[in-house]
file start-v3.csv (CSV, C-alpha atoms)
chain,number,residue,atom,x,y,z
A,228,LYS,CA,-66.9,-115.4,17.1
A,229,GLU,CA,-65.8,-116.8,20.4
A,230,ILE,CA,-63.5,-113.8,21.1
A,231,SER,CA,-66.4,-111.4,20.6
A,232,GLU,CA,-68.5,-113.5,23.0
A,233,SER,CA,-65.7,-113.5,25.6
A,234,TYR,CA,-65.3,-109.7,25.3
A,235,GLY,CA,-69.1,-109.4,25.8
A,236,VAL,CA,-68.9,-111.5,29.0
A,237,LEU,CA,-66.0,-109.6,30.3
A,238,HIS,CA,-67.8,-106.3,29.8
A,239,ALA,CA,-70.6,-107.8,31.9
A,240,VAL,CA,-68.0,-108.8,34.6
A,241,GLN,CA,-66.9,-105.1,34.5
A,242,GLU,CA,-70.5,-104.1,35.1
A,243,CYS,CA,-70.6,-106.4,38.2
A,244,CYS,CA,-67.4,-104.9,39.6
A,245,THR,CA,-68.7,-101.4,39.1
A,246,SER,CA,-72.0,-102.3,40.8
A,247,LEU,CA,-70.2,-103.9,43.7
A,248,GLY,CA,-68.0,-100.9,44.2
A,249,VAL,CA,-64.7,-102.6,43.5
A,250,SER,CA,-62.4,-99.6,43.8
A,251,THR,CA,-60.5,-99.8,40.5
A,252,ALA,CA,-63.6,-100.7,38.4
A,253,THR,CA,-64.4,-98.3,35.5
A,254,THR,CA,-67.6,-97.5,33.7
A,255,ASN,CA,-65.8,-97.0,30.4
A,256,ASN,CA,-66.8,-100.0,28.3
A,257,ASP,CA,-63.8,-99.7,26.1
A,258,ASN,CA,-61.5,-100.6,29.1
A,259,ILE,CA,-61.8,-103.8,31.2
A,260,ASN,CA,-60.2,-103.5,34.6
A,261,LEU,CA,-60.1,-106.8,36.6
A,262,ASP,CA,-58.0,-105.6,39.5
A,263,ASN,CA,-59.0,-107.1,42.9
A,264,THR,CA,-61.1,-109.7,41.1
A,265,PHE,CA,-61.2,-113.5,41.4
A,266,LEU,CA,-62.9,-114.8,38.2
A,267,ILE,CA,-64.1,-118.4,37.8
A,268,ASP,CA,-64.6,-119.4,34.2
A,269,LEU,CA,-66.9,-122.5,34.3
A,270,CYS,CA,-66.8,-125.0,31.5
A,271,SER,CA,-63.9,-122.9,30.0
A,272,GLY,CA,-63.2,-125.1,27.0
A,273,LYS,CA,-59.8,-124.1,25.6
A,274,GLY,CA,-59.8,-121.1,27.9
A,275,ILE,CA,-60.3,-118.2,25.5
A,276,THR,CA,-62.1,-116.1,28.2
A,277,THR,CA,-59.4,-116.9,30.7
A,278,ALA,CA,-56.7,-116.1,28.2
A,279,LEU,CA,-58.3,-112.7,27.6
A,280,CYS,CA,-58.3,-112.1,31.3
A,281,GLY,CA,-54.6,-112.7,31.4
A,282,ALA,CA,-53.9,-110.5,28.4
A,283,LEU,CA,-55.9,-107.6,29.8
A,284,ASN,CA,-54.6,-108.0,33.3
A,285,ASN,CA,-51.7,-106.0,34.9
A,286,GLU,CA,-49.3,-108.6,36.3
A,287,LYS,CA,-48.9,-106.4,39.4
A,288,SER,CA,-52.7,-106.4,40.1
A,289,ASN,CA,-54.4,-108.3,42.8
A,290,SER,CA,-56.3,-110.6,40.5
A,291,TYR,CA,-56.6,-114.3,40.0
A,292,PHE,CA,-58.4,-116.4,37.3
A,293,LEU,CA,-59.6,-120.0,37.6
A,294,ALA,CA,-60.7,-122.0,34.5
A,295,VAL,CA,-62.7,-125.1,35.2
A,296,ASP,CA,-63.5,-127.8,32.6
A,297,LYS,CA,-63.4,-131.6,32.2
A,298,MET,CA,-60.7,-131.5,29.5
A,299,LEU,CA,-57.4,-133.2,30.6
A,300,PRO,CA,-54.8,-130.7,31.8
A,301,HIS,CA,-52.2,-131.8,29.2
A,302,THR,CA,-54.6,-130.7,26.4
A,303,MET,CA,-54.9,-127.2,27.8
A,304,PRO,CA,-52.9,-124.2,26.5
A,305,HIS,CA,-49.7,-123.2,28.3
A,306,PHE,CA,-51.1,-119.8,29.4
A,307,LEU,CA,-53.2,-121.6,32.0
A,308,ASN,CA,-50.0,-122.2,33.9
A,309,GLU,CA,-49.2,-118.5,34.5
A,310,GLU,CA,-48.8,-117.2,38.0
A,311,GLN,CA,-52.2,-115.6,38.2
A,312,ILE,CA,-54.1,-118.3,36.2
A,313,GLN,CA,-55.0,-121.8,37.2
A,314,TYR,CA,-56.8,-124.7,35.5
A,315,LEU,CA,-58.9,-127.1,37.4
A,316,CYS,CA,-60.0,-130.4,35.7
A,317,ARG,CA,-63.4,-131.1,37.2
A,318,ASP,CA,-66.9,-132.2,36.3
A,319,ILE,CA,-69.0,-129.2,37.6
A,320,MET,CA,-72.1,-131.5,37.8
A,321,ALA,CA,-70.4,-133.5,40.6
A,322,GLU,CA,-71.9,-132.9,44.0
A,323,SER,CA,-68.4,-132.5,45.5
A,324,MET,CA,-68.0,-129.3,43.4
A,325,PHE,CA,-70.0,-127.2,45.9
A,326,ASP,CA,-67.6,-127.8,48.8
A,327,GLU,CA,-64.5,-127.6,46.6
A,328,ILE,CA,-65.4,-124.3,44.9
A,329,ALA,CA,-66.6,-122.9,48.2
A,330,GLU,CA,-63.3,-123.6,49.8
A,331,ILE,CA,-61.4,-122.0,46.9
A,332,VAL,CA,-63.6,-118.9,46.9
A,333,ARG,CA,-63.3,-118.4,50.6
A,334,TYR,CA,-59.5,-118.5,50.4
A,335,GLN,CA,-59.4,-116.0,47.5
A,336,THR,CA,-61.8,-113.6,49.1
A,337,ARG,CA,-60.7,-113.8,52.7
A,338,GLU,CA,-57.0,-114.2,52.3
A,339,HIS,CA,-56.5,-112.0,49.3
A,340,GLY,CA,-59.4,-109.6,49.4
A,341,ARG,CA,-60.6,-110.4,45.9
A,342,THR,CA,-64.2,-110.0,44.7
A,343,CYS,CA,-65.4,-113.3,43.2
A,344,ILE,CA,-67.3,-113.3,39.9
A,345,LEU,CA,-68.6,-116.5,38.5
A,346,VAL,CA,-68.7,-116.7,34.7
A,347,GLY,CA,-70.6,-119.2,32.6
A,348,MET,CA,-70.3,-118.8,28.8
A,349,HIS,CA,-71.7,-121.4,26.4
A,350,LEU,CA,-73.2,-123.4,29.3
A,351,CYS,CA,-75.5,-125.9,27.6
A,352,GLY,CA,-78.8,-127.0,29.3
A,353,MET,CA,-78.5,-128.0,32.9
A,354,LEU,CA,-75.0,-126.5,33.2
A,355,SER,CA,-76.6,-123.1,33.4
A,356,GLU,CA,-78.7,-124.4,36.3
A,357,ARG,CA,-75.6,-125.7,38.1
A,358,ALA,CA,-73.9,-122.2,37.7
A,359,ILE,CA,-76.9,-120.6,39.4
A,360,ASP,CA,-76.9,-123.3,42.1
A,361,LEU,CA,-73.2,-122.5,42.9
A,362,PHE,CA,-74.0,-118.8,43.0
A,363,GLU,CA,-77.0,-119.3,45.3
A,364,ARG,CA,-75.2,-121.7,47.7
A,365,ILE,CA,-71.8,-120.0,48.0
A,366,GLU,CA,-72.4,-116.5,49.6
A,367,GLU,CA,-68.8,-115.4,48.9
A,368,ILE,CA,-69.5,-115.4,45.2
A,369,SER,CA,-70.5,-111.7,44.7
A,370,GLY,CA,-71.5,-111.7,41.0
A,371,LEU,CA,-72.7,-114.1,38.3
A,372,VAL,CA,-72.4,-113.5,34.5
A,373,LEU,CA,-74.2,-116.1,32.5
A,374,SER,CA,-74.4,-116.4,28.7
A,375,PRO,CA,-76.5,-119.5,28.1
A,376,CYS,CA,-76.4,-121.7,25.0
A,377,CYS,CA,-78.7,-124.5,24.1
A,378,LEU,CA,-81.8,-125.7,26.1
A,379,PRO,CA,-81.8,-128.8,28.4
A,380,LYS,CA,-82.3,-132.1,26.7
A,381,LYS,CA,-85.9,-133.3,26.5
A,382,HIS,CA,-85.5,-135.9,29.2
A,383,GLU,CA,-84.0,-133.2,31.5
A,384,GLN,CA,-86.8,-130.6,31.1
A,385,HIS,CA,-89.2,-132.4,33.5
A,386,LYS,CA,-86.7,-131.7,36.4
A,387,ILE,CA,-87.3,-127.9,36.1
A,388,PRO,CA,-90.3,-125.5,35.8
A,389,PHE,CA,-89.5,-124.7,32.2
A,390,THR,CA,-91.5,-125.6,29.1
A,391,LYS,CA,-90.9,-124.7,25.5
A,392,GLY,CA,-93.2,-122.2,23.8
A,393,LYS,CA,-94.7,-122.0,20.3
A,394,PRO,CA,-93.3,-119.2,18.2
A,395,ASN,CA,-95.2,-117.3,15.5
A,396,ALA,CA,-95.1,-118.6,12.0
A,397,ASP,CA,-92.4,-116.1,11.0
A,398,GLU,CA,-90.2,-116.8,14.0
A,399,SER,CA,-87.3,-119.3,14.5
A,400,ALA,CA,-88.4,-121.9,17.0
A,401,GLU,CA,-84.8,-122.4,18.1
A,402,LEU,CA,-84.2,-118.7,18.8
A,403,PHE,CA,-87.7,-118.2,20.3
A,404,ASN,CA,-87.1,-120.9,22.9
A,405,TYR,CA,-83.5,-119.8,23.5
A,406,PHE,CA,-84.7,-116.4,24.7
A,407,LYS,CA,-87.6,-118.1,26.6
A,408,TRP,CA,-84.9,-120.2,28.3
A,409,SER,CA,-82.9,-117.0,29.0
A,410,ASP,CA,-85.9,-115.4,30.6
A,411,TYR,CA,-86.4,-118.5,32.8
A,412,LEU,CA,-82.7,-118.4,33.9
A,413,LYS,CA,-83.0,-114.7,34.8
A,414,GLU,CA,-86.0,-115.6,37.0
A,415,ARG,CA,-83.9,-118.4,38.6
A,416,VAL,CA,-81.2,-116.0,39.5
A,417,GLU,CA,-83.9,-113.7,41.0
A,418,GLY,CA,-85.2,-116.5,43.1
A,419,VAL,CA,-88.6,-116.9,41.5
A,420,TYR,CA,-88.3,-120.7,41.9
A,421,SER,CA,-86.3,-120.8,45.1
A,422,SER,CA,-85.5,-118.8,48.2
A,423,GLY,CA,-81.9,-118.2,47.3
A,424,GLY,CA,-82.2,-115.5,44.6
A,425,VAL,CA,-80.8,-111.9,44.5
A,426,SER,CA,-82.7,-108.8,43.6
A,427,ASP,CA,-80.2,-107.1,41.4
A,428,VAL,CA,-80.5,-109.0,38.1
A,429,ARG,CA,-80.3,-107.8,34.5
A,430,LEU,CA,-80.9,-109.6,31.3
A,431,TYR,CA,-79.9,-108.0,28.0
A,432,THR,CA,-78.6,-108.8,24.5
A,433,ASP,CA,-75.1,-107.8,23.4
A,434,ALA,CA,-75.2,-106.8,19.7
A,435,GLU,CA,-71.3,-106.9,19.6
A,436,MET,CA,-71.3,-110.6,20.1
A,437,HIS,CA,-71.1,-112.4,16.7
A,438,THR,CA,-74.0,-114.8,17.3
A,439,GLU,CA,-77.8,-114.7,17.4
A,440,LYS,CA,-77.6,-116.4,20.9
A,441,ASN,CA,-76.3,-113.2,22.6
A,442,ALA,CA,-78.3,-113.1,25.8
A,443,ILE,CA,-76.3,-112.1,29.0
A,444,ILE,CA,-77.6,-112.4,32.5
A,445,VAL,CA,-75.9,-110.4,35.2
A,446,GLY,CA,-76.6,-111.0,38.9
A,447,VAL,CA,-75.1,-109.1,41.8
A,448,ARG,CA,-75.3,-110.1,45.4
A,449,LYS,CA,-76.0,-107.0,47.5
call {"tool": "encode", "arguments": {"input": "start-v3.csv", "output": "structure tokens"}}
result
Amino acid sequence: KEISESYGVLHAVQECCTSLGVSTATTNNDNINLDNTFLIDLCSGKGITTALCGALNNEKSNSYFLAVDKMLPHTMPHFLNEEQIQYLCRDIMAESMFDEIAEIVRYQTREHGRTCILVGMHLCGMLSERAIDLFERIEEISGLVLSPCCLPKKHEQHKIPFTKGKPNADESAELFNYFKWSDYLKERVEGVYSSGGVSDVRLYTDAEMHTEKNAIIVGVRK
């Protein structure tokens, strides 16, 4: 299940690279080319998405992958110590993350000429909001790929302009509000609720992902 979700997210990263004109990107969905890419995997968990990046990557390519999570480093798989892969133990909800991630992104884009794509898979509740905040505030992040998970907790929902809806009798309330939440996040990326959005945003579902919660939001900074 998680591997299918990671592949879905990486195909969306490929879409970002193609849209941004990364020279080695391909439109062939059967191949994922991450050359000249700096990919940040937010809330990476055990790093399945990052591991796939390493497996699909040519070791001679100009690519770098950063996994970020609160899990202690000694609990992480050994592949996150590879030359082109790094693990950062951080709480992404900390305010200090904006400056730290911005500094890392600027180094990767300016010193190495890499295109930065921010990835958030299985981001629960307000973690999706934080990913969008990072994308809005750090101009050197060129693309955002977001595959949301559960809604914010009830006590958090008053902080944002989102309210649950009431599904039809034959609909699942959980799935109905999941897709309503996905619509809201797409609008957030577009800048409907702020002045920091981008115009090139797409929301779609990926049938190849082995889950009913298969929405993917792709935003590209032009």
call {"tool": "residues_near_point", "arguments": {"input": "start-v3.csv", "point": "(-70.7, -112.2, 31.0)", "cutoff": "12 Å", "atoms": "all atoms listed in the file", "output": "ChimeraX atom specification"}}
result
/A:231-244,266-269,276,344-350,370-375,429-433,436,441-446
call {"tool": "closest_atom_pairs", "arguments": {"input": "start-v3.csv", "of": "stretch 355-427 of chain A", "to": "stretch 319-335 of chain A", "cutoff": "8 Å", "atoms": "all atoms listed in the file", "output": "JSON lines"}}
result
{"residue": "A:Arg357", "atom": "CA", "partner": "A:Met320", "partner_atom": "CA", "distance": 6.8}
{"residue": "A:Leu361", "atom": "CA", "partner": "A:Phe325", "partner_atom": "CA", "distance": 6.4}
{"residue": "A:Arg364", "atom": "CA", "partner": "A:Phe325", "partner_atom": "CA", "distance": 7.8}
{"residue": "A:Ile365", "atom": "CA", "partner": "A:Ala329", "partner_atom": "CA", "distance": 6.0}
{"residue": "A:Glu367", "atom": "CA", "partner": "A:Arg333", "partner_atom": "CA", "distance": 6.5}
{"residue": "A:Ile368", "atom": "CA", "partner": "A:Val332", "partner_atom": "CA", "distance": 7.1}
call {"tool": "residues_around", "arguments": {"input": "start-v3.csv", "residues": "A:Met298", "least_positions_apart": "4", "cutoff": "10 Å", "atoms": "all atoms listed in the file", "output": "list in words"}}
result
Cys270, Ser271, Gly272, Lys273, Thr302, Met303, Tyr314, Leu315, Cys316, Arg317 and Asp318 of chain A
call {"tool": "atom_distance", "arguments": {"input": "start-v3.csv", "atom1": "atom CA of A:His437", "atom2": "atom CA of A:Gly281"}}
result
22.1 Å
call {"tool": "atom_distance", "arguments": {"input": "start-v3.csv", "atom1": "atom CA of A:Ala400", "atom2": "atom CA of A:Cys351"}}
result
17.2 Å
call {"tool": "atom_distance", "arguments": {"input": "start-v3.csv", "atom1": "atom CA of A:Asn289", "atom2": "atom CA of A:Val428"}}
result
26.5 Å
call {"tool": "residues_around", "arguments": {"input": "start-v3.csv", "residues": "A:Glu286", "least_positions_apart": "3", "cutoff": "10 Å", "atoms": "all atoms listed in the file", "output": "list of chain:residue names"}}
result
A:Asp262, A:Gly281, A:Ala282, A:Leu283, A:Asn289, A:Ser290, A:Tyr291, A:Glu310, A:Gln311
call {"tool": "residues_around", "arguments": {"input": "start-v3.csv", "residues": "A:Leu378", "least_positions_apart": "5", "cutoff": "7 Å", "atoms": "all atoms listed in the file", "output": "PyMOL selection string"}}
result
chain A and resi 351-352+405+408
call {"tool": "closest_residue", "arguments": {"input": "start-v3.csv", "among": "A:Met353, A:Ala278, A:His301, A:Glu366", "to": "A:Lys381", "atoms": "all atoms listed in the file"}}
result
A:Met353
call {"tool": "axis_aligned_box", "arguments": {"input": "start-v3.csv", "around": "stretch 403-421 of chain A", "padding_each_side": "6 Å", "output": "JSON"}}
result
{"center_x": -84.9, "center_y": -117.3, "center_z": 32.7, "size_x": 19.4, "size_y": 19.2, "size_z": 36.8}
call {"tool": "closest_residue", "arguments": {"input": "start-v3.csv", "among": "A:Leu279, A:Ile312, A:Cys377, A:Gly274", "to": "A:Lys297", "atoms": "all atoms listed in the file"}}
result
A:Gly274
call {"tool": "residues_around", "arguments": {"input": "start-v3.csv", "residues": "A:Ser369", "least_positions_apart": "3", "cutoff": "7 Å", "atoms": "all atoms listed in the file", "output": "PyMOL selection string"}}
result
chain A and resi 342-344+447-448
call {"tool": "write_last_selection", "arguments": {"input": "start-v3.csv", "atoms": "C-alpha atoms", "output": "PDB file, keeping the file's coordinate frame"}}
result
ATOM      1  CA  THR A 342     -64.200-110.000  44.700  1.00  0.00           C
ATOM      2  CA  CYS A 343     -65.400-113.300  43.200  1.00  0.00           C
ATOM      3  CA  ILE A 344     -67.300-113.300  39.900  1.00  0.00           C
ATOM      4  CA  VAL A 447     -75.100-109.100  41.800  1.00  0.00           C
ATOM      5  CA  ARG A 448     -75.300-110.100  45.400  1.00  0.00           C
TER       6      ARG A 448
END
call {"tool": "closest_residue", "arguments": {"input": "start-v3.csv", "among": "A:Leu299, A:Leu402, A:Ala358, A:Leu261", "to": "A:Lys287", "atoms": "only C-alpha atoms"}}
result
A:Leu261
call {"tool": "closest_residue", "arguments": {"input": "start-v3.csv", "among": "A:Ile275, A:Asn263, A:Lys386, A:Pro379", "to": "A:Arg337", "atoms": "all atoms listed in the file"}}
result
A:Asn263
call {"tool": "residues_around", "arguments": {"input": "start-v3.csv", "residues": "A:Lys393", "least_positions_apart": "6", "cutoff": "10 Å", "atoms": "all atoms listed in the file", "output": "list in words"}}
result
Ser399, Ala400, Phe403 and Asn404 of chain A
call {"tool": "closest_residue", "arguments": {"input": "start-v3.csv", "among": "A:Lys440, A:Lys449, A:Arg415, A:Lys380", "to": "A:Asp427", "atoms": "all atoms listed in the file"}}
result
A:Lys449
